[in-house]
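Chemist: Provided below: my_file28.pdb, containing PDB, C-alpha atoms.
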ATOM      1  CA  MET A   1     -26.679 -37.309  -2.175
ATOM      2  CA  ASN A   2     -26.146 -34.832   0.637
ATOM      3  CA  THR A   3     -24.727 -31.419  -0.168
ATOM      4  CA  LEU A   4     -21.588 -30.052   1.479
ATOM      5  CA  PRO A   5     -23.547 -27.773   3.869
ATOM      6  CA  GLU A   6     -25.759 -30.705   4.887
ATOM      7  CA  ILE A   7     -22.730 -32.922   5.499
ATOM      8  CA  LEU A   8     -21.007 -30.286   7.631
ATOM      9  CA  ARG A   9     -24.102 -29.615   9.721
ATOM     10  CA  GLN A  10     -24.653 -33.348  10.206
ATOM     11  CA  LEU A  11     -21.051 -33.994  11.257
ATOM     12  CA  ARG A  12     -21.086 -31.083  13.685
ATOM     13  CA  SER A  13     -24.411 -32.220  15.158
ATOM     14  CA  GLU A  14     -23.047 -35.725  15.681
ATOM     15  CA  ARG A  15     -20.070 -34.286  17.574
ATOM     16  CA  SER A  16     -22.316 -31.874  19.545
ATOM     17  CA  VAL A  17     -19.945 -28.959  18.993
ATOM     18  CA  THR A  18     -20.518 -25.323  18.062
ATOM     19  CA  GLN A  19     -19.294 -23.570  14.942
ATOM     20  CA  ASP A  20     -16.813 -21.632  17.066
ATOM     21  CA  GLN A  21     -15.444 -24.864  18.536
ATOM     22  CA  VAL A  22     -14.982 -26.369  15.086
ATOM     23  CA  GLY A  23     -13.284 -23.198  13.900
ATOM     24  CA  GLU A  24     -10.940 -23.121  16.873
ATOM     25  CA  ALA A  25      -9.991 -26.764  16.303
ATOM     26  CA  ILE A  26      -9.026 -26.248  12.652
ATOM     27  CA  LEU A  27      -7.607 -22.720  13.087
ATOM     28  CA  VAL A  28     -10.307 -20.687  11.321
ATOM     29  CA  SER A  29     -13.103 -18.452  12.608
ATOM     30  CA  GLY A  30     -16.520 -19.692  13.627
ATOM     31  CA  SER A  31     -18.034 -17.289  11.097
ATOM     32  CA  LEU A  32     -16.133 -19.090   8.339
ATOM     33  CA  ILE A  33     -17.581 -22.420   9.480
ATOM     34  CA  ALA A  34     -21.020 -20.784   9.355
ATOM     35  CA  ALA A  35     -20.341 -19.650   5.787
ATOM     36  CA  PHE A  36     -19.429 -23.221   4.813
ATOM     37  CA  GLU A  37     -22.582 -24.600   6.445
ATOM     38  CA  GLN A  38     -24.769 -22.002   4.733
ATOM     39  CA  GLY A  39     -23.272 -22.725   1.329
ATOM     40  CA  ARG A  40     -21.895 -19.203   0.933
ATOM     41  CA  LEU A  41     -18.292 -20.438   0.759
ATOM     42  CA  VAL A  42     -16.513 -23.681  -0.087
ATOM     43  CA  PRO A  43     -13.499 -24.701   2.028
ATOM     44  CA  GLN A  44     -10.119 -24.852   0.347
ATOM     45  CA  PRO A  45      -8.604 -28.378   0.058
ATOM     46  CA  ASP A  46      -6.362 -27.945   3.111
ATOM     47  CA  THR A  47      -9.269 -26.628   5.188
ATOM     48  CA  ALA A  48     -11.490 -29.499   4.022
ATOM     49  CA  ALA A  49      -8.745 -31.952   5.026
ATOM     50  CA  ARG A  50      -8.579 -30.448   8.525
ATOM     51  CA  LEU A  51     -12.357 -30.739   8.803
ATOM     52  CA  ASP A  52     -12.178 -34.425   7.855
ATOM     53  CA  GLN A  53      -9.447 -34.958  10.414
ATOM     54  CA  PHE A  54     -11.433 -33.195  13.137
ATOM     55  CA  PHE A  55     -14.661 -35.064  12.421
ATOM     56  CA  GLY A  56     -12.971 -38.385  11.649
ATOM     57  CA  SER A  57     -14.911 -38.510   8.392
ATOM     58  CA  GLY A  58     -12.304 -40.021   6.082
ATOM     59  CA  ASP A  59     -12.346 -37.936   2.911
ATOM     60  CA  ARG A  60     -16.061 -37.171   2.968
ATOM     61  CA  VAL A  61     -15.686 -33.409   3.388
ATOM     62  CA  ARG A  62     -12.861 -33.223   0.842
ATOM     63  CA  LYS A  63     -14.922 -35.009  -1.804
ATOM     64  CA  ALA A  64     -17.997 -32.877  -1.154
ATOM     65  CA  ALA A  65     -15.897 -29.695  -1.168
ATOM     66  CA  ALA A  66     -14.275 -30.636  -4.487
ATOM     67  CA  GLU A  67     -17.682 -31.284  -6.041
ATOM     68  CA  ALA A  68     -19.073 -28.024  -4.663
ATOM     69  CA  ALA A  69     -16.059 -26.068  -5.924
ATOM     70  CA  GLU A  70     -16.437 -27.575  -9.390
ATOM     71  CA  ALA A  71     -20.161 -26.781  -9.494
ATOM     72  CA  ARG A  72     -19.508 -23.234  -8.314
ATOM     73  CA  GLU A  73     -16.828 -22.711 -10.955
ATOM     74  CA  LEU A  74     -19.172 -23.936 -13.698
ATOM     75  CA  GLU A  75     -21.874 -21.554 -12.498
ATOM     76  CA  ARG A  76     -19.365 -18.727 -12.283
ATOM     77  CA  GLU A  77     -18.228 -19.405 -15.839
ATOM     78  CA  ARG A  78     -21.837 -19.397 -17.031
ATOM     79  CA  ARG A  79     -22.368 -16.028 -15.432
ATOM     80  CA  ARG A  80     -19.127 -14.696 -16.857
ATOM     81  CA  MET A  81     -20.321 -15.634 -20.319
ATOM     82  CA  ALA A  82     -23.515 -13.696 -19.638
ATOM     83  CA  GLN A  83     -21.541 -10.609 -18.636
ATOM     84  CA  ALA A  84     -20.910  -7.819 -21.069
ATOM     85  CA  VAL A  85     -17.626  -8.285 -22.937
ATOM     86  CA  TRP A  86     -16.223  -5.039 -21.549
ATOM     87  CA  PHE A  87     -16.846  -6.168 -17.943
ATOM     88  CA  ARG A  88     -15.144  -9.581 -17.985
ATOM     89  CA  PRO A  89     -11.509  -8.392 -17.811
ATOM     90  CA  TRP A  90     -12.269  -6.277 -14.757
ATOM     91  CA  VAL A  91     -14.032  -9.122 -12.933
ATOM     92  CA  GLN A  92     -10.961 -11.314 -13.406
ATOM     93  CA  LEU A  93      -8.718  -8.602 -11.945
ATOM     94  CA  GLU A  94     -11.128  -7.927  -9.095
ATOM     95  CA  GLU A  95     -11.186 -11.586  -8.096
ATOM     96  CA  SER A  96      -7.386 -11.923  -8.023
ATOM     97  CA  ALA A  97      -6.368  -8.507  -6.662
ATOM     98  CA  THR A  98      -4.401  -8.217  -3.437
ATOM     99  CA  ALA A  99      -5.952  -4.832  -2.643
ATOM    100  CA  LEU A 100      -8.989  -2.963  -3.962
ATOM    101  CA  ARG A 101      -9.832   0.707  -3.460
ATOM    102  CA  TYR A 102     -13.333   1.852  -4.363
ATOM    103  CA  TYR A 103     -14.650   5.395  -4.492
ATOM    104  CA  GLU A 104     -18.336   6.123  -5.044
ATOM    105  CA  ALA A 105     -19.669   9.645  -5.446
ATOM    106  CA  SER A 106     -23.361   8.950  -4.874
ATOM    107  CA  LEU A 107     -24.125   5.244  -4.350
ATOM    108  CA  ILE A 108     -23.194   2.477  -1.943
ATOM    109  CA  PRO A 109     -20.380   0.477  -3.653
ATOM    110  CA  GLY A 110     -21.707  -2.576  -5.490
ATOM    111  CA  LEU A 111     -19.868  -5.106  -3.324
ATOM    112  CA  LEU A 112     -21.552  -3.697  -0.207
ATOM    113  CA  GLN A 113     -25.090  -3.431  -1.566
ATOM    114  CA  THR A 114     -28.005  -5.448  -0.225
ATOM    115  CA  GLU A 115     -29.874  -7.401  -2.876
ATOM    116  CA  GLU A 116     -32.849  -5.037  -2.630
ATOM    117  CA  TYR A 117     -30.685  -1.916  -2.982
ATOM    118  CA  ALA A 118     -28.713  -3.447  -5.858
ATOM    119  CA  ARG A 119     -31.914  -4.299  -7.707
ATOM    120  CA  SER A 120     -33.149  -0.723  -7.350
ATOM    121  CA  VAL A 121     -29.848   0.581  -8.776
ATOM    122  CA  LEU A 122     -29.846  -1.845 -11.711
ATOM    123  CA  ASP A 123     -33.552  -1.422 -12.474
ATOM    124  CA  SER A 124     -33.070   2.067 -13.899
ATOM    125  CA  GLY A 125     -35.372   1.667 -16.875
ATOM    126  CA  LEU A 126     -32.568   1.048 -19.375
ATOM    127  CA  ARG A 127     -32.449  -2.731 -18.819
ATOM    128  CA  SER A 128     -35.000  -5.457 -19.400
ATOM    129  CA  GLN A 129     -36.174  -7.444 -16.382
ATOM    130  CA  ARG A 130     -34.091 -10.382 -17.563
ATOM    131  CA  GLU A 131     -30.977  -8.198 -17.776
ATOM    132  CA  VAL A 132     -31.657  -6.845 -14.291
ATOM    133  CA  ASP A 133     -32.003 -10.372 -12.892
ATOM    134  CA  GLU A 134     -28.818 -11.568 -14.610
ATOM    135  CA  GLN A 135     -26.733  -8.578 -13.512
ATOM    136  CA  LEU A 136     -28.093  -8.825  -9.984
ATOM    137  CA  ALA A 137     -27.015 -12.479  -9.817
ATOM    138  CA  VAL A 138     -23.552 -11.506 -11.062
ATOM    139  CA  ARG A 139     -23.262  -8.747  -8.459
ATOM    140  CA  MET A 140     -24.256 -11.047  -5.610
ATOM    141  CA  GLU A 141     -21.753 -13.642  -6.849
ATOM    142  CA  ARG A 142     -19.003 -11.002  -6.995
ATOM    143  CA  GLN A 143     -19.707 -10.094  -3.384
ATOM    144  CA  SER A 144     -19.265 -13.714  -2.355
ATOM    145  CA  VAL A 145     -16.096 -14.188  -4.399
ATOM    146  CA  VAL A 146     -14.317 -10.955  -3.448
ATOM    147  CA  LEU A 147     -15.381 -10.508   0.170
ATOM    148  CA  GLY A 148     -15.809 -14.167   1.055
ATOM    149  CA  ARG A 149     -12.359 -15.460   0.182
ATOM    150  CA  GLU A 150     -10.537 -17.296   2.971
ATOM    151  CA  ASP A 151      -7.610 -14.952   2.316
ATOM    152  CA  PRO A 152      -9.466 -11.807   1.195
ATOM    153  CA  ALA A 153      -7.953  -8.825  -0.508
ATOM    154  CA  ILE A 154      -7.594  -5.622   1.471
ATOM    155  CA  CYS A 155     -10.729  -3.720   0.447
ATOM    156  CA  VAL A 156     -11.101   0.002   1.104
ATOM    157  CA  PHE A 157     -14.497   1.468   0.262
ATOM    158  CA  MET A 158     -14.673   5.249   0.224
ATOM    159  CA  MET A 159     -17.915   7.067  -0.514
ATOM    160  CA  ASP A 160     -19.443  10.495  -0.262
ATOM    161  CA  VAL A 161     -21.953  10.951   2.547
ATOM    162  CA  ALA A 162     -24.605  11.306  -0.171
ATOM    163  CA  ALA A 163     -24.307   7.543  -0.697
ATOM    164  CA  LEU A 164     -25.592   6.938   2.833
ATOM    165  CA  ARG A 165     -28.748   8.854   1.928
ATOM    166  CA  SER A 166     -29.272   7.302  -1.488
ATOM    167  CA  ALA A 167     -31.488   4.370  -0.498
ATOM    168  CA  HIS A 168     -35.267   4.541  -0.582
ATOM    169  CA  PRO A 169     -36.550   4.860   3.014
ATOM    170  CA  ALA A 170     -38.058   1.368   2.817
ATOM    171  CA  MET A 171     -34.643  -0.205   2.251
ATOM    172  CA  ALA A 172     -32.350   2.310   3.967
ATOM    173  CA  LYS A 173     -32.218   0.573   7.364
ATOM    174  CA  ALA A 174     -31.191  -2.810   5.950
ATOM    175  CA  GLN A 175     -28.606  -1.210   3.670
ATOM    176  CA  LEU A 176     -26.996   0.896   6.383
ATOM    177  CA  GLU A 177     -26.935  -2.069   8.771
ATOM    178  CA  ARG A 178     -25.262  -4.141   6.067
ATOM    179  CA  LEU A 179     -22.727  -1.364   5.487
ATOM    180  CA  LEU A 180     -21.985  -1.180   9.197
ATOM    181  CA  ALA A 181     -21.529  -4.951   9.435
ATOM    182  CA  ASP A 182     -19.264  -5.047   6.377
ATOM    183  CA  SER A 183     -17.126  -2.259   7.836
ATOM    184  CA  GLU A 184     -16.115  -4.679  10.585
ATOM    185  CA  ARG A 185     -15.103  -7.513   8.248
ATOM    186  CA  HIS A 186     -11.500  -8.691   8.258
ATOM    187  CA  ARG A 187      -9.443  -6.514   5.866
ATOM    188  CA  THR A 188     -12.471  -4.390   4.926
ATOM    189  CA  PHE A 189     -12.457  -0.654   5.609
ATOM    190  CA  VAL A 190     -15.240   1.873   5.011
ATOM    191  CA  HIS A 191     -14.533   5.606   4.870
ATOM    192  CA  VAL A 192     -17.098   8.367   4.367
ATOM    193  CA  VAL A 193     -16.398  11.832   2.977
ATOM    194  CA  PRO A 194     -18.551  14.072   5.204
ATOM    195  CA  ASP A 195     -20.571  17.174   4.465
ATOM    196  CA  GLY A 196     -18.737  20.467   4.551
ATOM    197  CA  VAL A 197     -15.508  19.524   2.783
ATOM    198  CA  GLY A 198     -16.289  21.678  -0.242
ATOM    199  CA  MET A 199     -15.689  20.857  -3.890
ATOM    200  CA  HIS A 200     -13.252  18.089  -4.755
ATOM    201  CA  ILE A 201     -12.384  15.862  -7.688
ATOM    202  CA  GLY A 202     -14.569  13.027  -6.438
ATOM    203  CA  ARG A 203     -17.826  14.962  -6.696
ATOM    204  CA  SER A 204     -18.439  13.868 -10.274
ATOM    205  CA  VAL A 205     -16.603  10.570 -10.720
ATOM    206  CA  SER A 206     -16.579   7.037  -9.293
ATOM    207  CA  PHE A 207     -13.777   4.533  -9.844
ATOM    208  CA  VAL A 208     -11.916   1.499  -8.532
ATOM    209  CA  LEU A 209      -8.203   0.737  -8.278
ATOM    210  CA  ALA A 210      -6.881  -2.829  -8.103
ATOM    211  CA  SER A 211      -3.408  -3.719  -6.840
ATOM    212  CA  LEU A 212      -2.154  -6.990  -8.334
ATOM    213  CA  ASP A 213       0.337  -9.467  -6.911
ATOM    214  CA  ASN A 214       2.879  -8.585  -9.615
ATOM    215  CA  GLY A 215       2.945  -4.992  -8.387
ATOM    216  CA  ALA A 216       0.816  -3.619 -11.217
ATOM    217  CA  LEU A 217      -2.067  -1.219 -10.658
ATOM    218  CA  ALA A 218      -5.218  -1.088 -12.788
ATOM    219  CA  GLY A 219      -8.363   1.012 -12.666
ATOM    220  CA  TYR A 220     -11.987   0.678 -13.643
ATOM    221  CA  MET A 221     -14.623   3.299 -14.406
ATOM    222  CA  GLU A 222     -18.108   3.138 -15.890
ATOM    223  CA  ASP A 223     -20.803   5.425 -17.201
ATOM    224  CA  ILE A 224     -24.502   4.946 -17.872
ATOM    225  CA  PHE A 225     -23.832   2.628 -20.829
ATOM    226  CA  GLU A 226     -20.684   0.633 -20.107
ATOM    227  CA  GLY A 227     -17.458   0.413 -18.150
ATOM    228  CA  ARG A 228     -13.828   0.455 -19.165
ATOM    229  CA  LEU A 229     -10.626  -0.977 -17.800
ATOM    230  CA  VAL A 230      -7.936   1.662 -17.227
ATOM    231  CA  THR A 231      -4.381   0.403 -17.694
ATOM    232  CA  ALA A 232      -2.526   3.282 -19.371
ATOM    233  CA  PRO A 233       0.124   4.314 -16.807
ATOM    234  CA  ALA A 234      -0.643   8.041 -16.967
ATOM    235  CA  ARG A 235      -4.362   7.478 -16.428
ATOM    236  CA  VAL A 236      -3.866   4.958 -13.643
ATOM    237  CA  THR A 237      -1.551   7.453 -11.943
ATOM    238  CA  GLY A 238      -4.258  10.084 -12.339
ATOM    239  CA  LEU A 239      -6.825   7.851 -10.645
ATOM    240  CA  ASP A 240      -4.356   7.075  -7.870
ATOM    241  CA  ARG A 241      -3.808  10.792  -7.275
ATOM    242  CA  ALA A 242      -7.551  11.397  -7.300
ATOM    243  CA  TRP A 243      -7.976   8.637  -4.731
ATOM    244  CA  HIS A 244      -5.427  10.142  -2.348
ATOM    245  CA  THR A 245      -6.875  13.625  -2.818
ATOM    246  CA  VAL A 246     -10.355  12.501  -1.791
ATOM    247  CA  ASN A 247      -9.062  10.140   0.901
ATOM    248  CA  ALA A 248      -7.427  13.098   2.627
ATOM    249  CA  LEU A 249     -10.929  14.531   3.151
ATOM    250  CA  ALA A 250     -12.565  11.327   4.401
ATOM    251  CA  LEU A 251     -13.308  10.344   7.978
ATOM    252  CA  ASN A 252     -11.320   7.510   9.491
ATOM    253  CA  ALA A 253     -12.919   4.075   9.892
ATOM    254  CA  ALA A 254     -14.211   4.633  13.436
ATOM    255  CA  GLN A 255     -15.605   8.079  12.620
ATOM    256  CA  SER A 256     -17.245   6.673   9.497
ATOM    257  CA  ARG A 257     -18.983   3.957  11.521
ATOM    258  CA  ASP A 258     -20.232   6.625  13.921
ATOM    259  CA  LEU A 259     -21.666   8.581  10.989
ATOM    260  CA  ILE A 260     -23.396   5.472   9.628
ATOM    261  CA  ARG A 261     -24.914   4.843  13.074
ATOM    262  CA  GLN A 262     -26.074   8.462  13.160
ATOM    263  CA  GLN A 263     -27.782   8.013   9.794
ATOM    264  CA  LEU A 264     -29.501   4.896  11.161
ATOM    265  CA  ARG A 265     -30.785   6.782  14.200
ATOM    266  CA  GLU A 266     -32.203   9.509  11.970
ATOM    267  CA  LEU A 267     -34.300   7.130   9.867
TER
END
Please lay out the structure from this file as C-alpha cells.
Modeler:
Amino acid sequence: MNTLPEILRQLRSERSVTQDQVGEAILVSGSLIAAFEQGRLVPQPDTAARLDQFFGSGDRVRKAAAEAAEARELERERRRMAQAVWFRPWVQLEESATALRYYEASLIPGLLQTEEYARSVLDSGLRSQREVDEQLAVRMERQSVVLGREDPAICVFMMDVAALRSAHPAMAKAQLERLLADSERHRTFVHVVPDGVGMHIGRSVSFVLASLDNGALAGYMEDIFEGRLVTAPARVTGLDRAWHTVNALALNAAQSRDLIRQQLREL
C-alpha cells in the first residue's frame, strides 16, 4: 500500500504540476505541499478534500491522510507515555496554545534546534543513551507539531546573544542557518538580546509563556533535573513582567537576523 507522501508525489507527477501550482490551486503554500509530500505534515480533512478535487482522485488522498493522521497520533501517544510525568501537561499546552513566548539565557530554544545541536544539549552525561534518543525523538516531534501546524501559533523566540555562540564549531553553521530560516517562518519571530545591555533579569533564567484560547496564561521553567508548569497567577504575572523587561532590551526581528548573519560570517 502506498503511503500518503507517495500518493501525493504520484498524483502531482501524473498532472505534471509543481508544488507551488498545487498549492495555489487549493489555496495553501507550495512549502506546505512539500511538507505533505515529505511526510513532515498530514493535511487536515478539508485540505485533503481539496487535493482530491484538484487531482480528481476520488477520496484517495482523504483516506490516506486519515490513516496517516491516526498513525501519527498513535506514535505521538507512545512518545507522550515515554515522557516524564512532569513534562506531559506542558506539552499538551504547548501544542494547543495560540501564542508562545520563549526566552533562553544561553541555548538555542528547543523548538529551533537542529537534531545534532539538540543531541549535544541532551547528551550532558546525566542521561543514558536510550534516554537521550527518546528525548531527542520527542523534541523533534514537538518541533513538527508546534511549528508545522497549518494554523500555527504565534511563536516569539527571544534569546541572549550567548545562545548564538553556544554550538560547537562543527555544528554552528547548520544551527545558525536553521535559526535564520526559522526566523522567516509564518508567525515565527526571533529576537536576540545583544552584548552591552548590562545585567538584567534574564541572565540567569529561561522560561516559556503560553497564551491559551480561553484567555489564560501559563508558564514553564526547568532546571537540570526536571521542569515545572507555572499556573499560580502571581508567578505567571512575574514571568510576564520578566519577559517584557528583557524584550525591551532585545533587537527587533530584522536586526536580529542581521546579527545571526554576522555570526555566520565570523565562523
Chemist: Any chance you could tabulate, as CSV, the residues of stretch 47-159 of chain A at most 7 Å from stretch 168-183 of chain A with each one's nearest atom pair and distance in Å to one decimal, using all atoms listed in the file, in chain and rising number order?
Modeler:
residue,atom,partner,partner_atom,distance
A:Leu112,CA,A:Leu179,CA,6.3
A:Gln113,CA,A:Gln175,CA,6.7
A:Thr114,CA,A:Gln175,CA,5.8
A:Tyr117,CA,A:Met171,CA,6.8
Chemist: Spell out the residues picked by the PyMOL selection byres ((chain A and resi 259-263) around 10) here, as a VMD selection string.
Modeler: chain A and resid 161 164 to 165 172 to 173 176 to 177 179 to 180 191 to 192 194 251 253 to 258 264 to 267
Chemist: Save out the residues we just selected, C-alpha atoms, as a compact mmCIF listing (two decimals), keeping the file's coordinate frame.
Modeler:
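Result written to again_0.txt:
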# COMPACT_ATOMS: atom_id res chain seq x y z
CA VAL A 161 -21.95 10.95 2.55
CA LEU A 164 -25.59 6.94 2.83
CA ARG A 165 -28.75 8.85 1.93
CA ALA A 172 -32.35 2.31 3.97
CA LYS A 173 -32.22 0.57 7.36
CA LEU A 176 -27.00 0.90 6.38
CA GLU A 177 -26.94 -2.07 8.77
CA LEU A 179 -22.73 -1.36 5.49
CA LEU A 180 -21.98 -1.18 9.20
CA HIS A 191 -14.53 5.61 4.87
CA VAL A 192 -17.10 8.37 4.37
CA PRO A 194 -18.55 14.07 5.20
CA LEU A 251 -13.31 10.34 7.98
CA ALA A 253 -12.92 4.08 9.89
CA ALA A 254 -14.21 4.63 13.44
CA GLN A 255 -15.60 8.08 12.62
CA SER A 256 -17.24 6.67 9.50
CA ARG A 257 -18.98 3.96 11.52
CA ASP A 258 -20.23 6.62 13.92
CA LEU A 264 -29.50 4.90 11.16
CA ARG A 265 -30.78 6.78 14.20
CA GLU A 266 -32.20 9.51 11.97
CA LEU A 267 -34.30 7.13 9.87
Chemist: Given all atoms listed in the file as the basis, pick out the residue of A:Val42, A:Leu136, A:Ala48, A:Ala210 nearest to A:Val91.
Modeler: A:Ala210
Chemist: Would you compute the distance between atom CA of A:Ala64 and atom CA of A:Glu6? Give it in Å to one decimal.
Modeler: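 Straight-line distance from atom CA of A:Ala64 to atom CA of A:Glu6 works out to 10.1 Å.
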Chemist: As lines of an AutoDock Vina configuration file, what would the box around stretch 124-138 of chain A look like: edges along x, y and z, 4 Å added on every side, centre and edge lengths in Å to one decimal?
Modeler:
center_x = -29.9
center_y = -5.2
center_z = -14.6
size_x = 20.6
size_y = 22.5
size_z = 17.6
Chemist: Provide the atom CA of A:Arg60 to atom CA of A:Asn2 distance in Å, to one decimal place.
Modeler: 10.6 Å
Chemist: Near A:Tyr102, counting only C-alpha atoms, which residues have an atom at most 9 Å away, once you skip same-chain residues fewer than 5 positions from it, shown as a list in words?
Modeler: Pro109, Cys155, Val156, Phe157, Met158, Met159, Ser206, Phe207, Val208, Leu209, Ala210 and Trp243 of chain A
Chemist: For each of A:Arg62, A:Ala99, A:Gly219, A:Ala250, take the minimum atom-to-atom distance to A:Asp151, counting all atoms listed in the file, then give the residue where this is smallest.
Modeler: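 Closest to A:Asp151, using all atoms listed in the file: A:Ala99.
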Chemist: Using all atoms listed in the file, pick whichever of A:Arg119, A:Arg15, A:Arg203, A:Arg187 has the shortest atom-to-atom distance to A:Asp160.
Modeler: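 Counting all atoms listed in the file, the residue closest to A:Asp160 is A:Arg203.
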Chemist: Interatomic distance between atom CA of A:Ala163 and atom CA of A:Ile108?
Modeler: 5.3 Å
Chemist: Pick out the residues sitting within 12 Å of A:Asp223, and hand them over as a ChimeraX atom specification; count all atoms listed in the file, and ignore anything fewer than 2 positions along from it in its own chain.
Modeler: /A:204-207,220-221,225-228
Chemist: Could you check which of A:Glu131, A:Ala118, A:Asn247, A:Arg50 is closest to A:His200, using all atoms listed in the file?
Modeler: A:Asn247
Chemist: Starting from the displayed file, determine the output of the PyMOL selection byres ((chain A and resi 26) around 8) and express the residue list as a list in words.
Modeler: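 With the PyMOL selection byres ((chain A and resi 26) around 8) on this model, the match is Val22, Gly23, Glu24, Ala25, Leu27, Val28, Thr47, Arg50, Leu51 and Phe54 of chain A.
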Chemist: Counting only C-alpha atoms, figure out which residue out of A:Thr18, A:Ser128, A:Arg88, A:Ala167 gets nearest to A:Glu116.
Modeler: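 For A:Glu116, the nearest of the given residues is A:Ala167.
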Chemist: For A:Ile154, which residue among A:Arg72, A:Arg101, A:Arg130, A:Lys63 is the nearest when counting all atoms listed in the file?
Modeler: A:Arg101
Chemist: Return as a list in words the set of residues that the PyMOL selection byres ((chain A and resi 38) around 10) yields on the displayed structure.
Modeler: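 This file, filtered by the PyMOL selection byres ((chain A and resi 38) around 10), leaves Leu4, Pro5, Glu6, Leu8, Arg9, Leu32, Ile33, Ala34, Ala35, Phe36, Glu37, Gly39, Arg40, Leu41 and Val42 of chain A.
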